[in-house]
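Undergrad: My structure is below; once you've seen it, I'll send some questions.
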Amino acid sequence: MLVNEAWLKEFVNYTLSTEQLCEKLTMAGLEVDSVTPAAAQFTGVVIGQVLTTAQHPNADKLKVCTVSIGAEDALDIVCGASNVRPGLRIPVATVGAVLPGDFKIKPSKLRGEPSNGMLCSEQELGLADEAEGLMELPDDAPLGVNIREYLQLDDTIIEVDLTPNRADCLSIEGIAREIACFSEQPFTVKQPAEVAVTLDIKQNVVVEAIEDCPRYIGRVIKGLDRSATTPIWMQEKLRRCGQRSLGPLVDVSNYVLLELGQPLHCFDLDKIQGDIIVRRAAKNEALTLLNDQTIELDDDILVIADQQKPLAFAGVMGGQSSAVSDETRDIFIECAFFTPITIAGKSRRYGLHTDASHRFERGVDPELCYRALDRTVALLTSIAGGQVGPLTDVSSNVPEQPVINVRLDRVKRVLGLDLDHKVVESYLLSLGMRVEKTERHWCVTPPTYRFDIAIEADLIEEIARLYGYDKLPQNSLVMSAALSSAKENVQPIDRIKDLLVDLGYQEAITYSFTDESALKALTPKEDVYRLKNPISSDLSVMRTTLWAGLLKAMDANLKRNEETVRFFETGLKFTLVDGQLQQQQTLSMLVTGRATPEQWGEASRMVDFYDLKHDVEAILALNGLLDAYQFEAAEHDALHPGQTAKLVNKDGDCVGYMGLIHPGLENQFDIKKPVYLVELNQSMIEEKHSPEFEAISKYPSVRRDLALIVEEKLHVNKIVDYIYQQQGIVQEVVVFDIYQGKGIENGRKSVALGLILQDNSKTLVEQDVEGFINDLLSNLKNTFNAQLRE
């Protein structure tokens with residue numbers, strides 16, 4: 001939020017420097033993000049008045065003006081602004097003036113005519129990014145006075161970053177109230193003058209949703225002056241808070257919003273048909289908002305309606321059907337208190353965020369409505385005139401502040417301070433609390449604008465803020481630290497991450513929520529869990545797979561000319577099972593691009609299925625369990641039907657899937673080259689084989705090669721596993737060839753195996769080896785119908 005010191009000092013006359021003020025605000029929990037001057041640096045600019053204008057003899061778009069700046073002699077100045085005219089009061093940069101950007105004003109001739117100065121727009125003074133003409137000043141602006149002095153431009157704008165619980169500081173008054181507390185200066189509450197009722201017309205209001213809107217008040221004003229303009233002092237205050245002037249009706253509402261923190265809204269009275277009704281919307285009821293966006297309302301949305309149609313999205317934005325315009329003379333000003341739970345999240349549902357919704361969803365003082373409405377009416381009638389009707393007031397079940405017990409010994413114990421009870425009581429009173437002292441504690445009632453205070457701990461925090469966080473004692477916490485033993489059969493995930501980094505991968509971290517359309521494409525059979533208040537429409541559901549985030553990250557990298565992408569990510573995925581949300585820790589990988597870096601010594605090739613399989617096997621080998629897992633052909637909705645495998649453990653449980661992305665998803669994810677994906681159950685791949693000592697045989701090993709003819713569909717792993725299961729002398733089995741073709745009948749294949757044989761107790765002789773091989777061939781024939789290839 002933007003505030004300026006000149007406006008703050010209307011409420012509290014502090015003596016702190018800007019630097020001290022910013023430090024105090026930050027230490028009080030209101031973090032200062034930036035400090036900037038209210039206007040760019042310039043000198044020599046005074047208030048002048050155009051006396052006469054004449055067409056430039058040598059230029060169609062220029063005029064020769066005589067300008068008075070209060071001195072005896074008028075200045076001749078050539079000007080090309082479209083709004084220059086006799087009688088207009090404007091900023092005049094005199095000869096010798098220096099404008100922003102170190103632009104110096106010198107006597108000159110423009111198309112042959114002398115010009116002794118410059119008439120200025122807001123843009124040329126650094127007060128606006130753009131301008132359509134000269135800056136027009138009020139008719140009573142004193143001639144010759146320095147414009148910086150007249151507009152009080154020697155001011156400072158402070159940007160304060162507020163936490164969501166401090167909605168009471170979303171106003172100049174709220175920030176000033178905080179400054180008064182820590183600067184120990186008196187705080188001035190601006191009480192508007194009592195409204196004089198001059199009109200006997202009252203807008204009838206019916207509040208049907210009384211729980212959502214406990215208070216709704218307003219007044220009718222008729223006969224506003226259409227030609228009225230916003231005074232320069234108000235325009236300047238709005239500018240310093242980041243608002244531009246849009247005419248008196250809008251400017252006064254914005255001014256009171258910034259000054260007091262109460263959103264208001266003006267309806268064109270002639271466009272209201274019958275009573276105003278505060279109600280919930282009908283399902284799919286349409287409303288066109290002030291920004292020309294037409295939305296279909298859900299039945300939990302609160303609307304302001306008349307007897308024919310909805311007029312406004314309550315607490316968020318008004319509608320076009322009742323909007324004020326330059327022709328509006330009669331209005332109804334609304335000022336209401338909406339419960340935060342009613343407004344929270346509703347604007348984001350429709351992609352909206354307004355100053356009103358920002359405040360209402362955090363909380364607005366329910367007692368502020370009356371003062372804010374009177375302030376608005378007083379300002380508006382002083383600018384545009386008009387007759388004011390009586391107050392419309394519908395209030396019921398307005399929330400009351402709780403009474404909280406605060407114990408001095410509890411304050412001392414939590415803060416580690418030995419504070420005197422008088423000091424604590426003075427802090428509470430300075431915060432606007434109503435305090436009653438008892439023998440054991442204080443009974444404290446927070447002011448209505450401090451709806452964030454509900455329990456004793458909240459009040460202790462307030463005491464700490466005023467005392468000063470930087471003054472609190474720093475005590476070392478005494479604790480005993482005992483190292484727990486690491487589980488030997490669990491591989492730390494960080495070790496697996498290190499392995500993947502060694503293999504050329506980079507760790508990615510993506511959102512746990514993602515786009516629903518992406519999940520429907522990747523996991524169409526999984527039900528998704530939708531967020532109630534998503535950050536945006538493309539982050540509206542919890543992920544059922546980590547692939548969605550990795551594909552998005554891959555796309556961003558490929559568009560930045562990264563030829564090869566290797567990502568892995570560990571995190572939770574979320575699934576709905578029987579309506580209950582379940583989460584599973586998962587390891588996912590993505591690979592696309594070159595298998596090896598481009599080089600002269602080896603031909604470049606793209607990654608393939610077996611490169612990915614190698615990386616998964618590296619994880620299994622790290623855990624000492626490579627032989628305990630098998631890859632089986634499988635199907636997955638997101639993967640290519642012919643290049644998909646699932647990883648299965650020795651118990652037959654599926655650990656995860658890997659493969660090439662499905663061709664049908666290439667267009668949706670803008671994929672132009674092969675992309676391989678892996679997703680594994682993290683807890684299952686963290687299982688680790690505890691190493692056991694095994695003596696190394698001192699006797700030589702023997703190798704025997706066998707070529708077996710088996711059924712084409714038989715997995716080679718089954719043969720290898722069967723051989724390992726044979727008790728005896730097999731140390732290793734190597735598959736070094738698979739052949740189909742001439743000499744092998746259809747439906748069968750030749751598998752060449754290298755068997756490494758070794759005994760721990762003796763040297764193997766030919767009889768031992770031949771006996772083992774013959775028994776093995778017999779068993780393989782009986783089990784797999786395997787025949788020795790001649």
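By order of appearance in the structure tokens: chains A, B, ..., then residues from 1 within every chain, and ligands from 1 in the order shown.
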Compile the contact shell of stretch 200-206 of chain A as a VMD selection string: residues with an atom at most 8 Å away, counting only C-alpha atoms, same-chain residues fewer than 2 positions apart removed.

TA: chain A and resid 197 to 198 208 219 to 220 274 to 278 332 389 to 392 394

Undergrad: Output the selection as a PDB file, in the first residue's frame - N, CA and C atoms for each residue.

TA:
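Resulting contents of result.pdb:
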ATOM      1  N   VAL A 197     -29.797  17.078   6.234  1.00  0.00           N
ATOM      2  CA  VAL A 197     -30.776  16.441   5.346  1.00  0.00           C
ATOM      3  C   VAL A 197     -31.660  17.515   4.745  1.00  0.00           C
ATOM      4  N   THR A 198     -31.631  17.619   3.402  1.00  0.00           N
ATOM      5  CA  THR A 198     -32.415  18.644   2.700  1.00  0.00           C
ATOM      6  C   THR A 198     -33.394  18.037   1.714  1.00  0.00           C
ATOM      7  N   GLU A 208     -31.788  -9.715   2.539  1.00  0.00           N
ATOM      8  CA  GLU A 208     -32.226 -11.105   2.708  1.00  0.00           C
ATOM      9  C   GLU A 208     -31.108 -11.956   3.304  1.00  0.00           C
ATOM     10  N   ARG A 219     -27.300   6.722   1.474  1.00  0.00           N
ATOM     11  CA  ARG A 219     -28.049   7.962   1.348  1.00  0.00           C
ATOM     12  C   ARG A 219     -28.268   8.284  -0.132  1.00  0.00           C
ATOM     13  N   VAL A 220     -29.369   8.963  -0.392  1.00  0.00           N
ATOM     14  CA  VAL A 220     -29.662   9.487  -1.720  1.00  0.00           C
ATOM     15  C   VAL A 220     -29.152  10.920  -1.791  1.00  0.00           C
ATOM     16  N   GLY A 274     -37.124  -0.025  -8.180  1.00  0.00           N
ATOM     17  CA  GLY A 274     -37.722  -0.495  -6.937  1.00  0.00           C
ATOM     18  C   GLY A 274     -36.719  -0.579  -5.804  1.00  0.00           C
ATOM     19  N   ASP A 275     -36.938  -1.542  -4.887  1.00  0.00           N
ATOM     20  CA  ASP A 275     -36.085  -1.711  -3.715  1.00  0.00           C
ATOM     21  C   ASP A 275     -34.716  -2.260  -4.102  1.00  0.00           C
ATOM     22  N   ILE A 276     -33.725  -1.919  -3.293  1.00  0.00           N
ATOM     23  CA  ILE A 276     -32.426  -2.604  -3.360  1.00  0.00           C
ATOM     24  C   ILE A 276     -32.507  -3.835  -2.474  1.00  0.00           C
ATOM     25  N   ILE A 277     -32.064  -4.971  -3.013  1.00  0.00           N
ATOM     26  CA  ILE A 277     -32.139  -6.246  -2.295  1.00  0.00           C
ATOM     27  C   ILE A 277     -30.732  -6.837  -2.194  1.00  0.00           C
ATOM     28  N   VAL A 278     -30.296  -7.131  -0.987  1.00  0.00           N
ATOM     29  CA  VAL A 278     -29.012  -7.788  -0.761  1.00  0.00           C
ATOM     30  C   VAL A 278     -29.299  -9.273  -0.599  1.00  0.00           C
ATOM     31  N   PHE A 332     -27.346   6.991  -5.386  1.00  0.00           N
ATOM     32  CA  PHE A 332     -27.501   6.361  -4.074  1.00  0.00           C
ATOM     33  C   PHE A 332     -26.129   5.842  -3.674  1.00  0.00           C
ATOM     34  N   GLY A 389     -30.552  13.109   1.141  1.00  0.00           N
ATOM     35  CA  GLY A 389     -31.691  12.454   1.763  1.00  0.00           C
ATOM     36  C   GLY A 389     -31.336  11.837   3.098  1.00  0.00           C
ATOM     37  N   PRO A 390     -32.341  11.339   3.827  1.00  0.00           N
ATOM     38  CA  PRO A 390     -32.107  10.728   5.144  1.00  0.00           C
ATOM     39  C   PRO A 390     -31.357   9.403   5.033  1.00  0.00           C
ATOM     40  N   LEU A 391     -30.808   8.955   6.156  1.00  0.00           N
ATOM     41  CA  LEU A 391     -30.007   7.735   6.204  1.00  0.00           C
ATOM     42  C   LEU A 391     -30.876   6.493   6.068  1.00  0.00           C
ATOM     43  N   THR A 392     -30.470   5.584   5.202  1.00  0.00           N
ATOM     44  CA  THR A 392     -31.047   4.237   5.141  1.00  0.00           C
ATOM     45  C   THR A 392     -30.131   3.320   5.935  1.00  0.00           C
ATOM     46  N   VAL A 394     -29.880  -0.572   7.603  1.00  0.00           N
ATOM     47  CA  VAL A 394     -30.356  -1.932   7.885  1.00  0.00           C
ATOM     48  C   VAL A 394     -29.215  -2.664   8.585  1.00  0.00           C
TER      49      VAL A 394
END

Undergrad: Just list as a VMD selection string whatever in stretch 172-398 of chain A DSSP marks as alpha helix (DSSP H).

TA: chain A and resid 172 to 183 232 to 240 248 to 260 340 to 343 346 to 349 355 to 360 368 to 384

Undergrad: Do a neighbour search on A:Ile179 at 10 Å with only C-alpha atoms, toss out local chain neighbours closer than 4 positions, and write the hits as a PyMOL selection string.

TA: chain A and resi 8-9+11-14+16+21+24-25+28+173-175+183-187

Undergrad: Between A:Val591, A:Cys65, A:Val92, A:Val32, which has the minimum distance to A:Pro114 (counting only C-alpha atoms)?

TA: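 Nearest to A:Pro114: A:Cys65.
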
Undergrad: Taking the DSSP assignment computed from this structure's backbone, write out as a ChimeraX atom specification all residues of stretch 31-240 of chain A that belong to strand (DSSP E).

TA: /A:31-37,43-55,63-68,75-79,89-99,103-104,108-110,113-115,118-119,156-161,205-207,215-222

Undergrad: Fewer than 5 positions away in the same chain doesn't count, so skip those; otherwise give me all residues within 9 Å of A:Leu551, counting only C-alpha atoms, as JSON, numbers by chain.

TA: {"A": [546, 556, 590, 669]}

Undergrad: Quick one: write out the picked residues with all heavy atoms as a PDB file, in the first residue's frame?

TA:
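In the end it all went to result-v5.pdb:
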ATOM      1  N   LEU A 546       3.512 -36.074 -11.314  1.00  0.00           N
ATOM      2  CA  LEU A 546       4.507 -35.001 -11.388  1.00  0.00           C
ATOM      3  C   LEU A 546       4.880 -34.673 -12.823  1.00  0.00           C
ATOM      4  O   LEU A 546       5.575 -33.693 -13.082  1.00  0.00           O
ATOM      5  CB  LEU A 546       5.761 -35.389 -10.597  1.00  0.00           C
ATOM      6  CG  LEU A 546       5.744 -35.132  -9.081  1.00  0.00           C
ATOM      7  CD1 LEU A 546       4.658 -35.926  -8.382  1.00  0.00           C
ATOM      8  CD2 LEU A 546       7.111 -35.430  -8.467  1.00  0.00           C
ATOM      9  N   ALA A 556       9.522 -24.803 -21.238  1.00  0.00           N
ATOM     10  CA  ALA A 556      10.164 -23.508 -21.004  1.00  0.00           C
ATOM     11  C   ALA A 556      11.641 -23.554 -21.360  1.00  0.00           C
ATOM     12  O   ALA A 556      12.194 -22.587 -21.914  1.00  0.00           O
ATOM     13  CB  ALA A 556       9.974 -23.093 -19.548  1.00  0.00           C
ATOM     14  N   LEU A 590      12.363 -37.043 -16.399  1.00  0.00           N
ATOM     15  CA  LEU A 590      12.036 -36.693 -17.790  1.00  0.00           C
ATOM     16  C   LEU A 590      13.341 -36.511 -18.543  1.00  0.00           C
ATOM     17  O   LEU A 590      14.273 -35.871 -18.052  1.00  0.00           O
ATOM     18  CB  LEU A 590      11.214 -35.408 -17.843  1.00  0.00           C
ATOM     19  CG  LEU A 590      10.848 -34.846 -19.217  1.00  0.00           C
ATOM     20  CD1 LEU A 590       9.496 -34.134 -19.170  1.00  0.00           C
ATOM     21  CD2 LEU A 590      11.908 -33.875 -19.751  1.00  0.00           C
ATOM     22  N   PHE A 669       0.992 -30.849 -25.743  1.00  0.00           N
ATOM     23  CA  PHE A 669       2.135 -30.340 -24.982  1.00  0.00           C
ATOM     24  C   PHE A 669       3.226 -29.745 -25.885  1.00  0.00           C
ATOM     25  O   PHE A 669       4.321 -29.454 -25.410  1.00  0.00           O
ATOM     26  CB  PHE A 669       2.726 -31.457 -24.113  1.00  0.00           C
ATOM     27  CG  PHE A 669       1.823 -31.889 -22.994  1.00  0.00           C
ATOM     28  CD1 PHE A 669       1.012 -32.998 -23.117  1.00  0.00           C
ATOM     29  CD2 PHE A 669       1.760 -31.151 -21.825  1.00  0.00           C
ATOM     30  CE1 PHE A 669       0.169 -33.392 -22.080  1.00  0.00           C
ATOM     31  CE2 PHE A 669       0.924 -31.538 -20.786  1.00  0.00           C
ATOM     32  CZ  PHE A 669       0.122 -32.659 -20.921  1.00  0.00           C
TER      33      PHE A 669
END

Undergrad: Would you pick out the contacts of A:Asp300 at 7 Å or less, using only C-alpha atoms, so that residues sharing its chain but fewer than 2 positions from it are not included, and give the list as a VMD selection string?

TA: chain A and resid 280 to 281 298 302

Undergrad: Would you write out those residues with all heavy atoms, as an mmCIF file, in the first residue's frame?

TA:
data_model
loop_
_atom_site.group_PDB
_atom_site.id
_atom_site.type_symbol
_atom_site.label_atom_id
_atom_site.label_comp_id
_atom_site.auth_asym_id
_atom_site.auth_seq_id
_atom_site.Cartn_x
_atom_site.Cartn_y
_atom_site.Cartn_z
ATOM 1 N N ARG A 280 -28.317 -13.654 -2.141
ATOM 2 C CA ARG A 280 -27.453 -14.568 -2.872
ATOM 3 C C ARG A 280 -27.935 -14.640 -4.331
ATOM 4 O O ARG A 280 -29.130 -14.530 -4.608
ATOM 5 C CB ARG A 280 -27.497 -15.965 -2.254
ATOM 6 C CG ARG A 280 -26.856 -16.083 -0.878
ATOM 7 C CD ARG A 280 -25.347 -15.981 -0.949
ATOM 8 N NE ARG A 280 -24.706 -16.139 0.353
ATOM 9 C CZ ARG A 280 -24.200 -17.292 0.788
ATOM 10 N NH1 ARG A 280 -24.273 -18.383 0.046
ATOM 11 N NH2 ARG A 280 -23.620 -17.353 1.977
ATOM 12 N N ALA A 281 -26.989 -14.839 -5.233
ATOM 13 C CA ALA A 281 -27.330 -14.907 -6.654
ATOM 14 C C ALA A 281 -28.045 -16.203 -6.975
ATOM 15 O O ALA A 281 -27.869 -17.222 -6.297
ATOM 16 C CB ALA A 281 -26.058 -14.783 -7.487
ATOM 17 N N ASP A 298 -22.376 -17.993 -9.397
ATOM 18 C CA ASP A 298 -22.743 -19.186 -8.643
ATOM 19 C C ASP A 298 -23.719 -18.792 -7.539
ATOM 20 O O ASP A 298 -23.830 -17.614 -7.168
ATOM 21 C CB ASP A 298 -21.500 -19.844 -8.046
ATOM 22 C CG ASP A 298 -20.549 -20.343 -9.121
ATOM 23 O OD1 ASP A 298 -21.040 -20.726 -10.197
ATOM 24 O OD2 ASP A 298 -19.319 -20.323 -8.897
ATOM 25 N N LEU A 302 -22.739 -13.277 -3.259
ATOM 26 C CA LEU A 302 -23.614 -12.236 -2.740
ATOM 27 C C LEU A 302 -23.703 -11.107 -3.761
ATOM 28 O O LEU A 302 -22.680 -10.643 -4.273
ATOM 29 C CB LEU A 302 -23.073 -11.705 -1.416
ATOM 30 C CG LEU A 302 -23.995 -10.760 -0.626
ATOM 31 C CD1 LEU A 302 -25.211 -11.508 -0.109
ATOM 32 C CD2 LEU A 302 -23.229 -10.112 0.532
#

Undergrad: Using only C-alpha atoms, determine which residues lie at most 8 Å from A:Tyr676, disregarding the query and same-chain residues fewer than 2 positions distant; provide the list as a ChimeraX atom specification.

TA: /A:590-592,608-609,612,658-661,674,678

Undergrad: Env of A:Gly504: 10 Å cut, atoms = only C-alpha atoms, seq-sep filter 5 positions within chain, self excluded. Answer as a PyMOL selection string.

TA: chain A and resi 499+565-567+596

Undergrad: If I take atom CA of A:Met118 and atom CA of A:Ala38, how far is one from the other in Å, to one decimal?

TA: 22.1 Å

Undergrad: Which of these, A:Ile343, A:Leu622, A:Cys266, A:Val720, has the shortest distance to A:Leu311 once you count only C-alpha atoms?

TA: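 That would be A:Cys266, the residue with the smallest distance to A:Leu311.
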
Undergrad: Counting only C-alpha atoms, figure out which residue out of A:Asn4, A:Gln474, A:Gln55, A:Ser426 gets nearest to A:Gly242.

TA: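 Going through A:Asn4, A:Gln474, A:Gln55, A:Ser426 one by one, the smallest distance to A:Gly242 is for A:Asn4.
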